[in-house]
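The file work-v7.cif contains mmCIF, C-alpha atoms:
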```cif
data_coords
loop_
_atom_site.label_atom_id
_atom_site.label_comp_id
_atom_site.auth_asym_id
_atom_site.auth_seq_id
_atom_site.Cartn_x
_atom_site.Cartn_y
_atom_site.Cartn_z
CA MET W 14 21.03 20.75 -9.15
CA ASN W 15 19.15 20.76 -12.47
CA ARG W 16 16.56 18.12 -13.22
CA ARG W 17 18.77 16.07 -15.55
CA LEU W 18 21.59 15.85 -13.03
CA PHE W 19 19.12 15.01 -10.26
CA VAL W 20 17.56 12.18 -12.26
CA ARG W 21 21.01 10.74 -12.96
CA SER W 22 22.01 10.86 -9.30
CA THR W 23 18.67 9.46 -8.13
CA VAL W 24 18.77 6.55 -10.56
CA ALA W 25 22.33 5.75 -9.52
CA LEU W 26 21.37 5.80 -5.86
CA ALA W 27 18.29 3.65 -6.48
CA ALA W 28 20.34 1.13 -8.43
CA ALA W 29 22.71 0.78 -5.49
CA LEU W 30 19.98 -0.13 -3.00
CA PRO W 31 19.82 -3.92 -3.54
CA ALA W 32 23.58 -4.13 -2.96
CA ALA W 33 23.05 -2.59 0.46
CA SER W 34 21.26 -5.72 1.67
CA PHE W 35 23.23 -8.35 3.47
CA ALA W 36 23.07 -12.04 4.35
CA ALA W 37 23.58 -13.62 7.75
CA GLU W 38 26.61 -15.51 6.42
CA PRO W 39 28.43 -14.67 3.18
CA GLY W 40 27.38 -17.17 0.52
CA ALA W 41 24.73 -18.78 2.71
CA ARG W 42 21.76 -16.91 1.23
CA LYS W 43 21.00 -14.10 -1.13
CA PHE W 44 17.47 -13.24 0.01
CA THR W 45 16.57 -10.51 2.49
CA LEU W 46 14.33 -10.55 5.55
CA ALA W 47 11.56 -8.10 4.71
CA LEU W 48 9.27 -5.94 6.79
CA THR W 49 5.82 -5.64 5.22
CA PRO W 50 3.78 -4.02 8.00
CA GLY W 51 0.27 -5.07 7.01
CA SER W 52 1.19 -8.75 7.10
CA ILE W 53 2.01 -8.61 10.82
CA GLY W 54 -0.60 -6.09 11.98
CA VAL W 55 1.80 -3.13 12.10
CA THR W 56 0.45 0.30 11.14
CA VAL W 57 2.69 3.09 9.87
CA LYS W 58 1.92 6.49 8.39
CA SER W 59 4.91 6.97 6.11
CA GLN W 60 7.80 5.31 4.30
CA LYS W 61 10.16 7.02 6.71
CA GLU W 62 8.44 5.51 9.75
CA LEU W 63 8.49 2.10 8.11
CA ASN W 64 12.19 2.39 7.31
CA GLU W 65 12.95 3.36 10.90
CA LEU W 66 11.08 0.33 12.26
CA ALA W 67 12.86 -1.98 9.83
CA ALA W 68 16.31 -0.68 10.74
CA LYS W 69 15.56 -0.71 14.46
CA HIS W 70 14.65 -4.39 14.38
CA ALA W 71 17.36 -5.54 11.95
CA PHE W 72 15.18 -6.27 8.94
CA GLU W 73 17.08 -6.17 5.65
CA SER W 74 14.44 -4.96 3.21
CA VAL W 75 11.25 -2.97 3.40
CA GLU W 76 7.98 -2.72 1.47
CA PRO W 77 7.94 0.24 -0.93
CA ARG W 78 4.78 2.32 -0.46
CA GLY W 79 3.88 2.86 -4.09
CA GLU W 80 1.39 5.71 -3.88
CA GLU W 81 3.54 7.61 -1.41
CA LEU W 82 6.65 7.22 -3.54
CA ALA W 83 4.74 8.32 -6.64
CA GLY W 84 3.65 11.50 -4.86
CA MET W 85 7.10 12.47 -3.63
CA SER W 86 8.93 15.50 -4.94
CA ALA W 87 12.38 15.01 -6.40
CA GLU W 88 14.00 16.14 -3.17
CA GLN W 89 11.79 13.93 -0.99
CA LEU W 90 12.64 10.91 -3.11
CA LYS W 91 16.33 11.68 -2.92
CA GLU W 92 16.11 11.86 0.87
CA THR W 93 14.17 8.58 1.02
CA LEU W 94 16.74 6.73 -1.07
CA ALA W 95 19.59 8.16 0.99
CA ASP W 96 17.78 7.03 4.14
CA LEU W 97 17.46 3.49 2.79
CA THR W 98 21.12 3.36 1.89
CA SER W 99 22.23 4.68 5.28
CA LYS W 100 20.10 2.03 7.01
CA LYS W 101 21.42 -0.76 4.74
CA LEU W 102 17.91 -1.55 3.54
CA ALA W 103 16.82 -2.88 0.15
CA TRP W 104 13.36 -2.70 -1.38
CA ALA W 105 11.05 -5.67 -0.90
CA ALA W 106 7.91 -6.14 -3.03
CA ALA W 107 5.12 -3.57 -3.29
CA GLY W 108 1.50 -4.62 -3.18
CA LEU W 109 -0.56 -4.44 -6.37
CA SER W 110 -3.08 -1.61 -6.10
CA VAL W 111 -5.39 -2.86 -8.88
CA ASP W 112 -8.37 -4.99 -7.83
CA PHE W 113 -8.75 -7.36 -10.77
CA ARG W 114 -11.12 -9.74 -8.95
CA LYS W 115 -14.29 -7.62 -9.06
CA ASP W 116 -16.35 -5.98 -11.80
CA ASP W 117 -14.83 -4.39 -14.88
CA ALA W 118 -15.44 -0.82 -13.68
CA THR W 119 -13.44 -1.46 -10.50
CA PHE W 120 -10.68 -3.07 -12.51
CA ARG W 121 -10.50 -0.20 -15.01
CA GLU W 122 -10.43 2.41 -12.27
CA GLY W 123 -7.44 0.74 -10.61
CA LEU W 124 -5.71 0.13 -13.93
CA GLY W 125 -5.95 3.81 -14.79
CA LYS W 126 -4.05 4.75 -11.65
CA LEU W 127 -1.35 2.10 -12.07
CA PRO W 128 1.01 3.88 -14.50
CA ALA W 129 1.64 6.73 -12.05
CA ILE W 130 2.30 4.30 -9.19
CA ALA W 131 4.56 2.17 -11.37
CA ALA W 132 6.48 5.27 -12.44
CA GLY W 133 6.97 6.22 -8.79
CA LEU W 134 8.31 2.78 -7.97
CA GLN W 135 10.60 2.89 -10.98
CA ARG W 136 12.03 6.26 -9.93
CA ALA W 137 12.75 4.76 -6.52
CA GLY W 138 14.43 1.67 -7.94
CA ALA W 139 11.75 -0.79 -6.75
CA THR W 140 11.35 -3.68 -9.18
CA ARG W 141 8.94 -6.15 -7.55
CA MET W 142 5.19 -6.17 -6.96
CA GLY W 143 2.92 -8.96 -5.72
CA THR W 144 -0.71 -9.96 -5.44
CA TRP W 145 -2.81 -13.03 -4.61
CA LEU W 146 -5.25 -15.15 -6.59
CA SER W 147 -8.62 -16.21 -5.26
CA SER W 148 -9.02 -19.99 -5.49
CA THR W 149 -12.78 -20.00 -5.92
CA HIS W 150 -15.60 -18.16 -7.71
CA ASP W 151 -19.37 -18.17 -7.39
CA GLN W 152 -20.22 -17.47 -11.05
CA LEU W 153 -17.24 -18.31 -13.28
CA THR W 154 -16.16 -21.83 -14.17
CA TYR W 155 -12.46 -22.68 -14.07
CA ARG W 156 -11.97 -22.05 -17.78
CA ALA W 157 -13.85 -18.73 -17.83
CA ASN W 158 -12.07 -17.56 -14.68
CA PHE W 159 -8.69 -18.58 -16.09
CA GLN W 160 -9.28 -16.50 -19.21
CA LEU W 161 -10.46 -13.50 -17.20
CA HIS W 162 -7.35 -13.65 -15.01
CA ALA W 163 -5.05 -14.01 -18.00
CA ASP W 164 -6.62 -11.06 -19.82
CA ARG W 165 -6.68 -8.68 -16.86
CA LEU W 166 -3.31 -9.63 -15.43
CA ARG W 167 -1.76 -9.28 -18.89
CA GLU W 168 -2.91 -5.65 -19.03
CA ILE W 169 -1.46 -5.05 -15.58
CA ALA W 170 1.81 -6.81 -16.39
CA LYS W 171 2.32 -4.79 -19.58
CA ILE W 172 2.11 -1.53 -17.65
CA LEU W 173 4.53 -2.82 -15.03
CA LYS W 174 6.93 -4.13 -17.68
CA ASP W 175 7.10 -0.64 -19.19
CA HIS W 176 8.46 0.49 -15.81
CA GLY W 177 10.87 -2.39 -15.17
CA ILE W 178 8.67 -4.10 -12.56
CA ARG W 179 8.02 -7.82 -12.14
CA LEU W 180 4.60 -9.03 -10.98
CA GLY W 181 4.33 -11.98 -8.60
CA LEU W 182 1.20 -14.14 -8.29
CA GLU W 183 0.43 -15.98 -5.05
CA TYR W 184 -1.78 -19.03 -5.30
CA VAL W 185 -4.00 -19.90 -2.34
CA GLY W 186 -3.78 -23.57 -1.37
CA THR W 187 -5.96 -23.46 1.76
CA GLN W 188 -8.44 -26.29 1.29
CA SER W 189 -11.29 -24.68 3.25
CA VAL W 190 -11.13 -21.66 0.91
CA LEU W 191 -11.23 -23.82 -2.20
CA VAL W 192 -14.75 -25.05 -1.43
CA LYS W 193 -16.24 -21.70 -0.37
CA GLY W 194 -17.47 -20.77 -3.83
CA ARG W 195 -19.35 -22.77 -6.42
CA TYR W 196 -16.40 -23.21 -8.77
CA PRO W 197 -12.88 -24.04 -7.52
CA PHE W 198 -10.01 -22.25 -9.26
CA LEU W 199 -6.24 -22.68 -9.47
CA HIS W 200 -4.58 -23.38 -6.13
CA THR W 201 -1.23 -25.04 -6.87
CA LEU W 202 2.18 -24.02 -8.16
CA ALA W 203 1.74 -25.96 -11.42
CA GLU W 204 -1.56 -24.26 -12.24
CA THR W 205 -0.14 -20.83 -11.44
CA ARG W 206 2.75 -21.44 -13.83
CA GLU W 207 0.19 -22.32 -16.52
CA LEU W 208 -1.52 -18.98 -15.94
CA ILE W 209 1.82 -17.16 -16.11
CA ALA W 210 2.58 -18.86 -19.43
CA GLU W 211 -0.81 -17.77 -20.76
CA ILE W 212 -0.19 -14.16 -19.68
CA GLY W 213 3.03 -14.32 -21.66
CA THR W 214 4.57 -10.92 -20.92
CA GLY W 215 7.83 -12.28 -19.51
CA ASN W 216 7.74 -10.24 -16.29
CA VAL W 217 5.26 -12.34 -14.28
CA GLY W 218 6.40 -14.86 -11.68
CA ILE W 219 5.46 -16.54 -8.42
CA VAL W 220 4.87 -15.34 -4.88
CA LEU W 221 5.70 -18.45 -2.86
CA ASP W 222 4.13 -19.00 0.56
CA THR W 223 5.04 -21.91 2.84
CA TRP W 224 1.42 -22.10 4.02
CA HIS W 225 -0.08 -22.38 0.53
CA TRP W 226 2.75 -24.58 -0.73
CA TRP W 227 2.06 -27.00 2.13
CA THR W 228 -1.76 -26.89 2.10
CA ALA W 229 -1.75 -27.43 -1.68
CA ASN W 230 0.37 -30.56 -1.17
CA ASP W 231 3.16 -29.10 -3.29
CA THR W 232 6.61 -30.55 -2.66
CA ILE W 233 10.30 -29.73 -2.43
CA GLU W 234 10.64 -31.22 -5.91
CA ASP W 235 8.13 -28.65 -7.15
CA LEU W 236 10.25 -25.87 -5.64
CA LEU W 237 13.39 -27.26 -7.24
CA SER W 238 11.72 -26.96 -10.63
CA LEU W 239 11.77 -23.17 -10.22
CA LYS W 240 14.54 -20.79 -11.18
CA ASN W 241 15.42 -17.72 -9.17
CA GLU W 242 14.05 -15.47 -11.94
CA GLU W 243 10.60 -17.06 -11.59
CA ILE W 244 10.22 -16.10 -7.92
CA VAL W 245 9.21 -12.52 -7.17
CA SER W 246 8.62 -12.72 -3.42
CA VAL W 247 8.31 -15.30 -0.62
CA ASP W 248 6.14 -15.58 2.51
CA LEU W 249 7.14 -17.74 5.48
CA ASN W 250 4.47 -19.09 7.83
CA ASP W 251 3.78 -22.05 10.06
CA ALA W 252 0.53 -23.86 10.85
CA PRO W 253 -1.36 -24.50 14.11
CA VAL W 254 -0.86 -27.83 15.84
CA GLY W 255 -3.52 -30.54 15.87
CA LEU W 256 -5.60 -29.66 12.80
CA GLU W 257 -6.04 -31.51 9.53
CA LYS W 258 -5.28 -29.49 6.42
CA ARG W 259 -8.94 -29.48 5.42
CA ASP W 260 -9.85 -27.80 8.73
CA LEU W 261 -7.29 -25.01 8.65
CA ILE W 262 -8.49 -21.41 8.49
CA ASP W 263 -6.58 -19.22 6.06
CA THR W 264 -6.54 -16.23 8.39
CA SER W 265 -5.21 -18.10 11.42
CA ARG W 266 -1.57 -19.05 10.99
CA GLU W 267 1.63 -18.99 13.03
CA LEU W 268 4.96 -17.24 12.66
CA PRO W 269 7.58 -19.27 10.76
CA ALA W 270 9.19 -22.11 12.71
CA ALA W 271 6.78 -21.53 15.61
CA THR W 272 5.23 -25.02 15.64
CA GLY W 273 7.22 -27.13 13.19
CA VAL W 274 4.06 -28.36 11.47
CA ILE W 275 5.35 -27.01 8.14
CA ASP W 276 8.90 -27.97 7.17
CA VAL W 277 10.07 -24.38 6.89
CA ALA W 278 13.75 -25.37 7.19
CA SER W 279 13.69 -27.53 4.05
CA PHE W 280 11.72 -24.83 2.24
CA VAL W 281 14.34 -22.21 3.11
CA GLN W 282 17.26 -24.47 2.22
CA THR W 283 15.67 -25.11 -1.17
CA LEU W 284 15.44 -21.36 -1.78
CA ILE W 285 19.15 -21.09 -0.95
CA GLN W 286 19.89 -23.93 -3.35
CA ILE W 287 17.91 -22.19 -6.11
CA GLY W 288 19.79 -18.97 -5.41
CA TYR W 289 16.68 -16.92 -4.66
CA ASP W 290 17.72 -13.30 -4.17
CA GLY W 291 14.48 -11.48 -3.34
CA PRO W 292 12.58 -10.59 -0.17
CA ILE W 293 11.13 -13.00 2.38
CA ARG W 294 8.39 -11.82 4.71
CA PRO W 295 6.04 -13.44 7.26
CA GLU W 296 2.29 -13.33 6.72
CA PRO W 297 0.76 -15.18 9.68
CA PHE W 298 -2.54 -13.28 10.07
CA ASN W 299 -2.03 -14.07 13.73
CA LYS W 300 -4.42 -12.51 16.26
CA THR W 301 -1.90 -12.38 19.10
CA LEU W 302 0.71 -10.76 16.88
CA ASN W 303 -1.78 -8.29 15.42
CA GLU W 304 -2.75 -7.07 18.90
CA MET W 305 0.86 -6.18 19.80
CA GLU W 306 2.30 -2.70 19.58
CA ASN W 307 4.48 -2.03 16.55
CA ASP W 308 7.83 -2.58 18.26
CA ALA W 309 6.74 -5.77 19.98
CA ALA W 310 5.29 -7.19 16.77
CA CYS W 311 8.44 -6.37 14.82
CA ALA W 312 10.67 -7.88 17.51
CA ALA W 313 8.66 -11.11 17.64
CA THR W 314 8.63 -11.33 13.86
CA ILE W 315 12.35 -10.82 13.23
CA THR W 316 13.15 -13.35 15.97
CA ALA W 317 10.95 -15.93 14.26
CA MET W 318 12.37 -15.12 10.84
CA LYS W 319 15.97 -15.51 11.99
CA LYS W 320 15.11 -18.79 13.68
CA ALA W 321 13.50 -20.06 10.49
CA VAL W 322 16.47 -19.04 8.38
CA ASN W 323 19.39 -19.67 10.71
CA GLY W 324 18.04 -22.31 13.08
CA ASP W 325 18.56 -21.45 16.76
CA ARG W 326 21.53 -19.18 16.09
#
```
Can you dump the structure from the file as structure tokens?
Amino acid sequence: MNRRLFVRSTVALAAALPAASFAAEPGARKFTLALTPGSIGVTVKSQKELNELAAKHAFESVEPRGEELAGMSAEQLKETLADLTSKKLAWAAAGLSVDFRKDDATFREGLGKLPAIAAGLQRAGATRMGTWLSSTHDQLTYRANFQLHADRLREIAKILKDHGIRLGLEYVGTQSVLVKGRYPFLHTLAETRELIAEIGTGNVGIVLDTWHWWTANDTIEDLLSLKNEEIVSVDLNDAPVGLEKRDLIDTSRELPAATGVIDVASFVQTLIQIGYDGPIRPEPFNKTLNEMENDAACAATITAMKKAVNGDR
């Protein structure tokens, strides 16, 4: 097969991947249950291994490993896409590789590598990427930090836009994190939307997280103000029992619907109402889960996810 014919066939196969995902009940939801290994303490060495774990445990989408995909040969990529299709998996969101929170040299180094990674994701048909925003800073005031974020994230978003990729920003609502640095920064949905408007590239949206939505005191009404196109990815988590919000530790959460402290059911139903059609993953940073073997962690996670989405069914 010559290169032109291969590219055509690869693009066609990549474009078909989202259609391979499925919902628990036709018409009930459009989003997919995603396996993002790092968020549940799972370690894999390759995209193939990750795909196998996802299929084995009935996940519906899987994190695209950007650097690995970018380094694949044409034949390797074709095999990877065929594997996804055969396993009825769609792409979830990739993680942003650029560290925009540190010094300019670190930022520029990561930015220089981004076009190749974005091109690899584009070849594979992956269209979503996410990152998180620190809610505090030791040196920069809110206004200075806001401008720095807008300028750097705009450069990142422009590169991603050239490759058909949307960038999602996750605000951190955890109250104990907000007071760690000298200057608090944005930590709510409304503030994040202001930053997105300032970036102004048209391909930047929200990474929603039940934990941060709840700890920031955001509401169902806030969620209803969003359109599907504004949401790039979603995280589902629950909170420990018996703690005030101000005492919660960001890195100690529970699997979705584990405790009922956070109203995950209403959150999910609102996403269905909005028509959200992207990936949903858990991100509990849970010590017990992280200490499990891969299969056990995946099994516990998909059980929790299905409970959160479908109730006890």
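Atom CA of Ala310 of chain W sits 16.2 Å away from atom CA of Glu73 of chain W.
For the set W:Arg141, W:Lys193, W:Lys319, W:Arg294, the residue with the smallest atom-to-atom gap to Ala170 of chain W is W:Arg141, counting all atoms listed in the file.
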The PyMOL selection byres ((chain W and resi 126) around 12) - which residues does that actually catch in the file I just gave you? List them as a VMD selection string. chain W and resid 79 to 80 83 109 to 112 119 to 125 127 to 133 169 172 to 173
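The coordinates place atom CA of Asp248 of chain W at 23.4 Å from atom CA of Ala163 of chain W.
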Between W:Gln160, W:Asn299, W:Ser148, W:Gln60, which residue has the minimum interatomic distance to Ala107 of chain W, considering all atoms listed in the file? W:Gln60
Run the PyMOL selection byres ((chain W and resi 296) around 9) mentally over the shown coordinates, then write out the matched residues as a VMD selection string, using the chain letters and numbers from the document. chain W and resid 49 51 to 53 222 248 to 250 266 to 269 294 to 295 297 to 299
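Going from atom CA of Arg206 of chain W to atom CA of Leu191 of chain W covers 18.3 Å.
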Using all atoms listed in the file and a cutoff of 12 Å, can you tell me which residues are near (12.2, 4.1, 13.3) in the file's coordinates, and write them out as a short mmCIF file (atom, residue, chain, number, x, y, z; two decimals) with C-alpha atoms, in the coordinates of the input?
```cif
data_model
loop_
_atom_site.label_atom_id
_atom_site.label_comp_id
_atom_site.auth_asym_id
_atom_site.auth_seq_id
_atom_site.Cartn_x
_atom_site.Cartn_y
_atom_site.Cartn_z
CA VAL W 57 2.69 3.09 9.87
CA LYS W 58 1.92 6.49 8.39
CA SER W 59 4.91 6.97 6.11
CA GLN W 60 7.80 5.31 4.30
CA LYS W 61 10.16 7.02 6.71
CA GLU W 62 8.44 5.51 9.75
CA LEU W 63 8.49 2.10 8.11
CA ASN W 64 12.19 2.39 7.31
CA GLU W 65 12.95 3.36 10.90
CA LEU W 66 11.08 0.33 12.26
CA ALA W 67 12.86 -1.98 9.83
CA ALA W 68 16.31 -0.68 10.74
CA LYS W 69 15.56 -0.71 14.46
CA HIS W 70 14.65 -4.39 14.38
CA ALA W 71 17.36 -5.54 11.95
CA PHE W 72 15.18 -6.27 8.94
CA ASP W 96 17.78 7.03 4.14
CA LEU W 97 17.46 3.49 2.79
CA LYS W 100 20.10 2.03 7.01
CA ASN W 307 4.48 -2.03 16.55
CA ASP W 308 7.83 -2.58 18.26
CA CYS W 311 8.44 -6.37 14.82
#
```
Give me the result of the PyMOL selection byres ((chain W and resi 236-238) around 12) on this file, residue by residue, as a PyMOL selection string. chain W and resi 201-203+206+219-223+226-227+230-235+239-244+247+279-289
Which residues, protein or nucleic acid, reach to within 7 Å of (9.1, -6.9, -12.5) in the file's coordinates when using all atoms listed in the file, and can you give that as number ranges by chain? W: 140-142, 173-174, 177-180, 216-217
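Comparing W:Asn158, W:Thr314, W:Thr187, W:Gln89 by their smallest distance to Ser265 of chain W, the closest is W:Thr187 (using all atoms listed in the file).
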Could you give me, as CSV, a per-residue list for segment 138-224 of chain W showing, wherever an atom lies at most 9 Å from an atom of segment 259-263 of chain W, the closest pair of atoms and their distance in Å to one decimal, using only C-alpha atoms and sorting by chain then residue number from low to high?
```
residue,atom,partner,partner_atom,distance
W:Val185,CA,W:Asp263,CA,8.8
W:Thr187,CA,W:Asp263,CA,6.1
W:Gln188,CA,W:Arg259,CA,5.2
W:Ser189,CA,W:Arg259,CA,5.8
W:Val190,CA,W:Asp263,CA,7.3
W:Trp224,CA,W:Asp263,CA,8.7
```
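Take the candidates W:Glu204, W:Asp290, W:Glu76, W:Glu257 and check each one against Ala139 of chain W using all atoms listed in the file; the shortest distance goes to W:Glu76.
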